[in-house]
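To be precise, the following lines are start35.cif, and they hold mmCIF, C-alpha atoms and all ligand atoms.
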```cif
data_target
#
loop_
_atom_site.label_atom_id
_atom_site.label_comp_id
_atom_site.auth_asym_id
_atom_site.auth_seq_id
_atom_site.Cartn_x
_atom_site.Cartn_y
_atom_site.Cartn_z
CA MET A 1 17.80 11.00 -17.41
CA GLU A 2 21.18 9.91 -16.17
CA ASN A 3 21.27 12.77 -13.69
CA PHE A 4 17.75 11.92 -12.57
CA TYR A 5 18.77 8.42 -11.62
CA ALA A 6 22.03 9.58 -10.12
CA ASP A 7 20.02 11.86 -7.86
CA ILE A 8 17.75 9.00 -6.87
CA ARG A 9 20.77 6.90 -6.09
CA LYS A 10 22.37 9.64 -4.03
CA GLN A 11 19.17 10.20 -2.09
CA ASN A 12 18.50 6.56 -1.37
CA TYR A 13 21.90 4.98 -1.36
CA PRO A 14 24.28 7.54 0.14
CA GLU A 15 26.54 4.70 1.23
CA LEU A 16 26.95 3.72 -2.41
CA MET A 17 28.13 7.15 -3.47
CA GLY A 18 31.36 7.04 -1.52
CA ASN A 19 34.35 4.87 -2.28
CA GLY A 20 32.31 1.74 -2.74
CA SER A 21 33.86 0.04 0.23
CA GLN A 22 30.48 -0.84 1.65
CA GLY A 23 27.04 -1.57 0.31
CA HIS A 24 25.99 -4.46 -1.83
CA THR A 25 26.23 -3.19 -5.39
CA PRO A 26 28.33 -0.02 -5.51
CA GLU A 27 28.89 -0.19 -9.23
CA HIS A 28 25.22 -0.21 -10.27
CA SER A 29 24.15 2.69 -12.42
CA TYR A 30 20.38 2.24 -12.10
CA GLU A 31 19.51 2.95 -15.70
CA ASN A 32 16.36 1.00 -14.96
CA PRO A 33 14.29 2.33 -12.03
CA GLY A 34 12.73 -1.13 -11.68
CA LEU A 35 16.08 -2.40 -10.49
CA LEU A 36 16.29 0.42 -7.96
CA TYR A 37 12.79 -0.44 -6.74
CA MET A 38 13.57 -4.12 -6.36
CA GLU A 39 16.81 -3.43 -4.55
CA THR A 40 15.10 -0.93 -2.27
CA ALA A 41 12.55 -3.54 -1.29
CA LEU A 42 15.22 -6.19 -0.80
CA TYR A 43 17.82 -4.23 1.13
CA GLN A 44 16.14 -1.24 2.78
CA MET A 45 13.95 -1.12 5.84
CA PRO A 46 10.52 0.29 5.12
CA ALA A 47 10.02 3.80 6.47
CA ALA A 48 6.50 3.01 7.62
CA TYR A 49 4.13 0.09 7.85
CA ALA A 50 0.59 -0.86 8.77
CA GLU A 51 -0.35 -4.11 10.44
CA LEU A 52 -3.77 -5.09 9.13
CA LEU A 53 -6.24 -7.19 11.07
CA GLY A 54 -9.74 -8.43 10.42
CA ASN A 55 -12.45 -8.57 13.04
CA PRO A 56 -14.62 -11.37 14.45
CA GLY A 57 -17.09 -10.85 11.62
CA THR A 58 -14.52 -11.21 8.87
CA GLY A 59 -12.37 -14.03 10.14
CA GLU A 60 -8.66 -14.30 10.44
CA ILE A 61 -7.44 -11.67 8.02
CA HIS A 62 -3.98 -10.46 8.94
CA GLY A 63 -1.07 -8.93 7.12
CA ILE A 64 1.32 -6.06 6.72
CA VAL A 65 1.67 -3.19 4.28
CA ARG A 66 5.13 -1.67 3.96
CA PHE A 67 6.04 1.76 2.58
CA TYR A 68 9.45 2.52 1.07
CA PRO A 69 10.06 6.10 -0.11
CA VAL A 70 12.16 5.98 -3.28
CA GLY A 71 12.84 8.60 -5.92
CA GLY A 72 9.85 10.93 -6.05
CA GLY A 73 7.36 8.41 -4.75
CA ILE A 74 6.70 5.40 -2.57
CA LEU A 75 6.92 1.67 -3.09
CA VAL A 76 3.98 -0.04 -1.42
CA ASN A 77 4.17 -3.74 -0.57
CA ALA A 78 1.14 -5.62 0.72
CA GLU A 79 1.35 -9.10 2.23
CA ILE A 80 -2.04 -10.34 3.39
CA TYR A 81 -3.32 -13.69 4.66
CA GLY A 82 -6.72 -15.09 5.61
CA LEU A 83 -8.74 -13.33 2.94
CA PRO A 84 -12.19 -14.74 2.12
CA THR A 85 -12.25 -17.28 -0.69
CA ASP A 86 -15.12 -18.10 -3.02
CA PRO A 87 -15.15 -21.67 -4.37
CA GLN A 88 -17.65 -20.94 -7.14
CA SER A 89 -16.32 -21.05 -10.66
CA CYS A 90 -15.88 -17.59 -12.13
CA ALA A 91 -15.75 -16.09 -8.66
CA CYS A 92 -13.15 -13.36 -8.33
CA ASP A 93 -11.18 -13.01 -5.14
CA ILE A 94 -10.38 -9.34 -5.71
CA PHE A 95 -10.58 -6.84 -2.89
CA GLY A 96 -10.74 -3.06 -2.92
CA PHE A 97 -7.73 -1.52 -1.21
CA HIS A 98 -7.53 2.10 -0.12
CA ILE A 99 -5.91 4.54 2.28
CA HIS A 100 -8.62 6.16 4.37
CA GLU A 101 -8.51 9.60 5.95
CA GLY A 102 -9.40 8.48 9.48
CA SER A 103 -6.75 7.51 12.01
CA SER A 104 -8.50 4.76 13.93
CA CYS A 105 -9.62 1.21 13.10
CA THR A 106 -12.56 1.49 15.46
CA GLY A 107 -16.25 1.73 14.70
CA ASN A 108 -19.63 0.32 15.56
CA GLU A 109 -21.60 -2.89 15.15
CA SER A 110 -22.73 -2.22 11.59
CA ASP A 111 -19.36 -0.81 10.46
CA PRO A 112 -16.50 -2.04 12.65
CA TYR A 113 -14.11 0.40 10.95
CA ALA A 114 -16.41 3.41 10.69
CA ASP A 115 -13.76 5.67 12.25
CA ALA A 116 -11.43 5.00 9.31
CA LYS A 117 -13.86 7.34 7.51
CA ASN A 118 -13.65 7.94 3.74
CA HIS A 119 -10.95 7.44 1.14
CA TYR A 120 -8.04 9.83 1.68
CA ASN A 121 -8.81 12.64 -0.74
CA PRO A 122 -7.03 15.90 0.04
CA SER A 123 -7.57 17.30 -3.47
CA HIS A 124 -11.36 16.70 -3.40
CA CYS A 125 -11.30 14.60 -6.56
CA PRO A 126 -13.86 11.97 -7.60
CA HIS A 127 -13.12 8.28 -7.09
CA PRO A 128 -10.81 6.68 -8.32
CA ALA A 129 -8.67 9.84 -8.41
CA HIS A 130 -8.47 9.95 -4.63
CA ALA A 131 -4.88 10.03 -3.41
CA GLY A 132 -5.84 7.03 -1.28
CA ASP A 133 -7.07 4.89 -4.17
CA LEU A 134 -4.73 1.93 -4.59
CA PRO A 135 -4.60 -1.09 -6.90
CA PRO A 136 -6.89 -3.89 -5.66
CA LEU A 137 -5.59 -6.97 -3.90
CA PHE A 138 -5.79 -10.22 -5.88
CA GLY A 139 -6.39 -13.12 -3.51
CA ASN A 140 -4.79 -16.51 -4.14
CA ASN A 141 -6.56 -19.07 -1.98
CA GLY A 142 -6.74 -16.50 0.80
CA SER A 143 -3.41 -14.79 0.49
CA ALA A 144 -2.32 -11.78 -1.52
CA TRP A 145 1.04 -10.20 -2.26
CA MET A 146 1.73 -7.19 -4.39
CA MET A 147 4.11 -4.31 -4.77
CA PHE A 148 3.63 -1.12 -6.74
CA PHE A 149 5.17 2.32 -7.11
CA THR A 150 3.13 5.50 -6.77
CA GLU A 151 3.81 9.22 -6.75
CA GLN A 152 0.28 10.08 -5.63
CA ILE A 153 1.07 9.92 -1.91
CA SER A 154 3.99 11.00 0.23
CA LEU A 155 5.09 9.47 3.47
CA PRO A 156 4.38 12.44 5.80
CA GLU A 157 0.80 12.77 4.63
CA ILE A 158 -0.14 9.12 5.15
CA LEU A 159 1.41 8.59 8.60
CA GLY A 160 -1.36 8.08 11.12
CA LYS A 161 -3.97 7.37 8.46
CA THR A 162 -5.60 3.99 7.94
CA ILE A 163 -5.47 1.41 5.18
CA ILE A 164 -8.53 -0.72 4.52
CA ILE A 165 -9.31 -3.94 2.66
CA HIS A 166 -12.84 -4.13 1.26
CA SER A 167 -14.96 -7.23 0.66
CA LYS A 168 -15.49 -6.65 -3.08
CA PRO A 169 -13.53 -5.42 -6.08
CA ASP A 170 -13.33 -1.70 -6.67
CA ASP A 171 -15.24 -0.93 -9.88
CA PHE A 172 -13.24 2.29 -10.29
CA THR A 173 -16.42 4.08 -11.32
CA THR A 174 -19.06 4.25 -8.59
CA GLN A 175 -18.91 7.23 -6.22
CA PRO A 176 -17.66 7.71 -3.63
CA SER A 177 -15.81 4.45 -3.05
CA GLY A 178 -16.04 2.16 -6.08
CA ASN A 179 -18.86 0.00 -4.68
CA SER A 180 -16.23 -2.15 -3.01
CA GLY A 181 -18.41 -3.40 -0.19
CA ALA A 182 -17.79 -3.69 3.51
CA LYS A 183 -14.52 -2.87 5.21
CA ILE A 184 -13.10 -6.27 6.23
CA ALA A 185 -9.64 -5.41 7.56
CA CYS A 186 -7.87 -2.30 8.76
CA GLY A 187 -4.51 -1.04 9.97
CA THR A 188 -3.00 2.30 10.96
CA ILE A 189 0.11 3.51 9.13
CA VAL A 190 2.94 4.11 11.58
CA PRO A 191 6.61 4.99 11.15
CA VAL A 192 9.19 2.23 11.58
ZN ZN B 201 -11.58 6.39 -3.75
#
```

Kindly return the structure encoded in the file as structure tokens.
Ligand SMILES: [Zn+2]
Amino acid sequence: MENFYADIRKQNYPELMGNGSQGHTPEHSYENPGLLYMETALYQMPAAYAELLGNPGTGEIHGIVRFYPVGGGILVNAEIYGLPTDPQSCACDIFGFHIHEGSSCTGNESDPYADAKNHYNPSHCPHPAHAGDLPPLFGNNGSAWMMFFTEQISLPEILGKTIIIHSKPDDFTTQPSGNSGAKIACGTIVPV
């Protein structure tokens, strides 16, 4: 395992593998990948991002999703504002969140993001085993922030695709998209 993390460090922190004269923490050994992930998010530029926007029908949703390749996977960070809120007790402000195969956040009157098409699913698996199936967003009075690590997508394959927020939670069961309701915000993934 030591070599595994050394390789990750070499790949992601080449400046830390020299004489240690530059970089923030040259002596770190990264026995814990969580530390590597947190430092990547703190000190590295994302390699790609998507700026998400709602539409006149869904209000003022806006935010950014950042992608940081690290090790054999990608760190995904979502920072979203203006999500719908439900004041009823026992309401859950949880929103399905997926990468879609389409490349455009355009559509029609009944589905403003119809051209985002279906969940990204190159292996033709059932939901929620689509490569584009992501953890849901948990809203906190209209905002959401999360970060997770995944090896199920790579940067080259997601560039130019879309990322969508849905109006309801993903039930992780119903085909083909987890019964997660309407698409309420969309962004296209572009390189930094
Ligand atoms: Zn799916």

Nearest residue to Ala144 of chain A from the set A:Ile189, A:Ile80, A:Ala91, A:Leu52 (distances using only C-alpha atoms) =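 Among the listed residues, the smallest separation from Ala144 of chain A belongs to A:Ile80.
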
A straight line from atom CA of Gly132 of chain A to atom CA of His62 of chain A spans 20.3 Å

Hey, which residues come within 7 Å of ligand ZN 201 (chain B) if we count all atoms listed in the file? Could you give them as a VMD selection string?
-> chain A and resid 98 119 127 to 130 132 to 133 176 to 178

Within 12 Å of Gly187 of chain A, counting all atoms listed in the file, which residues show up once you throw out same-chain ones fewer than 5 positions away? Write them as a VMD selection string, please.
-> chain A and resid 48 to 55 61 to 66 78 80 97 to 100 102 to 106 113 115 to 116 159 to 165

Have a look at A:Phe95, A:Phe148, A:Tyr37, A:Phe138 and name the one nearest to Val70 of chain A; count only C-alpha atoms.
->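 Among A:Phe95, A:Phe148, A:Tyr37, A:Phe138, it is A:Tyr37 that comes nearest to Val70 of chain A.
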
Counting all atoms listed in the file, what is within 12 Å of Gly34 of chain A, bar same-chain residues fewer than 4 positions away, as a PyMOL selection string?
-> chain A and resi 5+30+38-41+70-71+75+147-149

What is the distance, in Å and to one decimal place, between atom CA of Pro87 of chain A and atom CA of His166 of chain A?
-> 18.6 Å

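Between Cys186 of chain A and the residues A:Ser123, A:Thr58, A:Cys90, A:Pro136, the shortest atom-to-atom distance, using all atoms listed in the file, involves A:Thr58.
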
Output segment 36-56 of chain A as a PDB file, in the coordinates of the input, making sure N, CA and C atoms are there.
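This went into part.pdb:
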```
ATOM      1  N   LEU A  36      16.196  -0.353  -9.206  1.00  0.00           N
ATOM      2  CA  LEU A  36      16.290   0.420  -7.960  1.00  0.00           C
ATOM      3  C   LEU A  36      15.145   0.042  -7.017  1.00  0.00           C
ATOM      4  N   TYR A  37      13.940  -0.094  -7.583  1.00  0.00           N
ATOM      5  CA  TYR A  37      12.790  -0.440  -6.740  1.00  0.00           C
ATOM      6  C   TYR A  37      12.982  -1.811  -6.093  1.00  0.00           C
ATOM      7  N   MET A  38      13.414  -2.760  -6.904  1.00  0.00           N
ATOM      8  CA  MET A  38      13.570  -4.120  -6.360  1.00  0.00           C
ATOM      9  C   MET A  38      14.662  -4.145  -5.304  1.00  0.00           C
ATOM     10  N   GLU A  39      15.738  -3.432  -5.542  1.00  0.00           N
ATOM     11  CA  GLU A  39      16.810  -3.430  -4.550  1.00  0.00           C
ATOM     12  C   GLU A  39      16.393  -2.693  -3.288  1.00  0.00           C
ATOM     13  N   THR A  40      15.605  -1.643  -3.448  1.00  0.00           N
ATOM     14  CA  THR A  40      15.100  -0.930  -2.270  1.00  0.00           C
ATOM     15  C   THR A  40      14.285  -1.873  -1.408  1.00  0.00           C
ATOM     16  N   ALA A  41      13.402  -2.626  -2.054  1.00  0.00           N
ATOM     17  CA  ALA A  41      12.550  -3.540  -1.290  1.00  0.00           C
ATOM     18  C   ALA A  41      13.364  -4.660  -0.644  1.00  0.00           C
ATOM     19  N   LEU A  42      14.426  -5.083  -1.333  1.00  0.00           N
ATOM     20  CA  LEU A  42      15.220  -6.190  -0.800  1.00  0.00           C
ATOM     21  C   LEU A  42      16.125  -5.751   0.342  1.00  0.00           C
ATOM     22  N   TYR A  43      16.720  -4.565   0.231  1.00  0.00           N
ATOM     23  CA  TYR A  43      17.820  -4.230   1.130  1.00  0.00           C
ATOM     24  C   TYR A  43      17.511  -3.110   2.111  1.00  0.00           C
ATOM     25  N   GLN A  44      16.438  -2.353   1.894  1.00  0.00           N
ATOM     26  CA  GLN A  44      16.140  -1.240   2.780  1.00  0.00           C
ATOM     27  C   GLN A  44      15.034  -1.618   3.760  1.00  0.00           C
ATOM     28  N   MET A  45      15.082  -0.999   4.921  1.00  0.00           N
ATOM     29  CA  MET A  45      13.950  -1.120   5.840  1.00  0.00           C
ATOM     30  C   MET A  45      12.830  -0.229   5.320  1.00  0.00           C
ATOM     31  N   PRO A  46      11.586  -0.656   5.455  1.00  0.00           N
ATOM     32  CA  PRO A  46      10.520   0.290   5.120  1.00  0.00           C
ATOM     33  C   PRO A  46      10.560   1.482   6.081  1.00  0.00           C
ATOM     34  N   ALA A  47      10.064   2.620   5.602  1.00  0.00           N
ATOM     35  CA  ALA A  47      10.020   3.800   6.470  1.00  0.00           C
ATOM     36  C   ALA A  47       8.763   3.814   7.324  1.00  0.00           C
ATOM     37  N   ALA A  48       7.759   3.080   6.878  1.00  0.00           N
ATOM     38  CA  ALA A  48       6.500   3.010   7.620  1.00  0.00           C
ATOM     39  C   ALA A  48       5.821   1.691   7.286  1.00  0.00           C
ATOM     40  N   TYR A  49       4.877   1.314   8.125  1.00  0.00           N
ATOM     41  CA  TYR A  49       4.130   0.090   7.850  1.00  0.00           C
ATOM     42  C   TYR A  49       2.765   0.185   8.527  1.00  0.00           C
ATOM     43  N   ALA A  50       1.883  -0.695   8.101  1.00  0.00           N
ATOM     44  CA  ALA A  50       0.590  -0.860   8.770  1.00  0.00           C
ATOM     45  C   ALA A  50       0.367  -2.342   8.966  1.00  0.00           C
ATOM     46  N   GLU A  51       0.018  -2.719  10.173  1.00  0.00           N
ATOM     47  CA  GLU A  51      -0.350  -4.110  10.440  1.00  0.00           C
ATOM     48  C   GLU A  51      -1.872  -4.188  10.313  1.00  0.00           C
ATOM     49  N   LEU A  52      -2.335  -4.999   9.371  1.00  0.00           N
ATOM     50  CA  LEU A  52      -3.770  -5.090   9.130  1.00  0.00           C
ATOM     51  C   LEU A  52      -4.357  -6.293   9.839  1.00  0.00           C
ATOM     52  N   LEU A  53      -5.536  -6.104  10.400  1.00  0.00           N
ATOM     53  CA  LEU A  53      -6.240  -7.190  11.070  1.00  0.00           C
ATOM     54  C   LEU A  53      -7.707  -7.149  10.678  1.00  0.00           C
ATOM     55  N   GLY A  54      -8.304  -8.336  10.600  1.00  0.00           N
ATOM     56  CA  GLY A  54      -9.740  -8.430  10.420  1.00  0.00           C
ATOM     57  C   GLY A  54     -10.430  -8.294  11.771  1.00  0.00           C
ATOM     58  N   ASN A  55     -11.678  -8.642  11.795  1.00  0.00           N
ATOM     59  CA  ASN A  55     -12.450  -8.570  13.040  1.00  0.00           C
ATOM     60  C   ASN A  55     -13.253  -9.860  13.147  1.00  0.00           C
ATOM     61  N   PRO A  56     -13.910 -10.096  14.288  1.00  0.00           N
ATOM     62  CA  PRO A  56     -14.620 -11.370  14.450  1.00  0.00           C
ATOM     63  C   PRO A  56     -15.608 -11.669  13.326  1.00  0.00           C
TER      64      PRO A  56
END
```
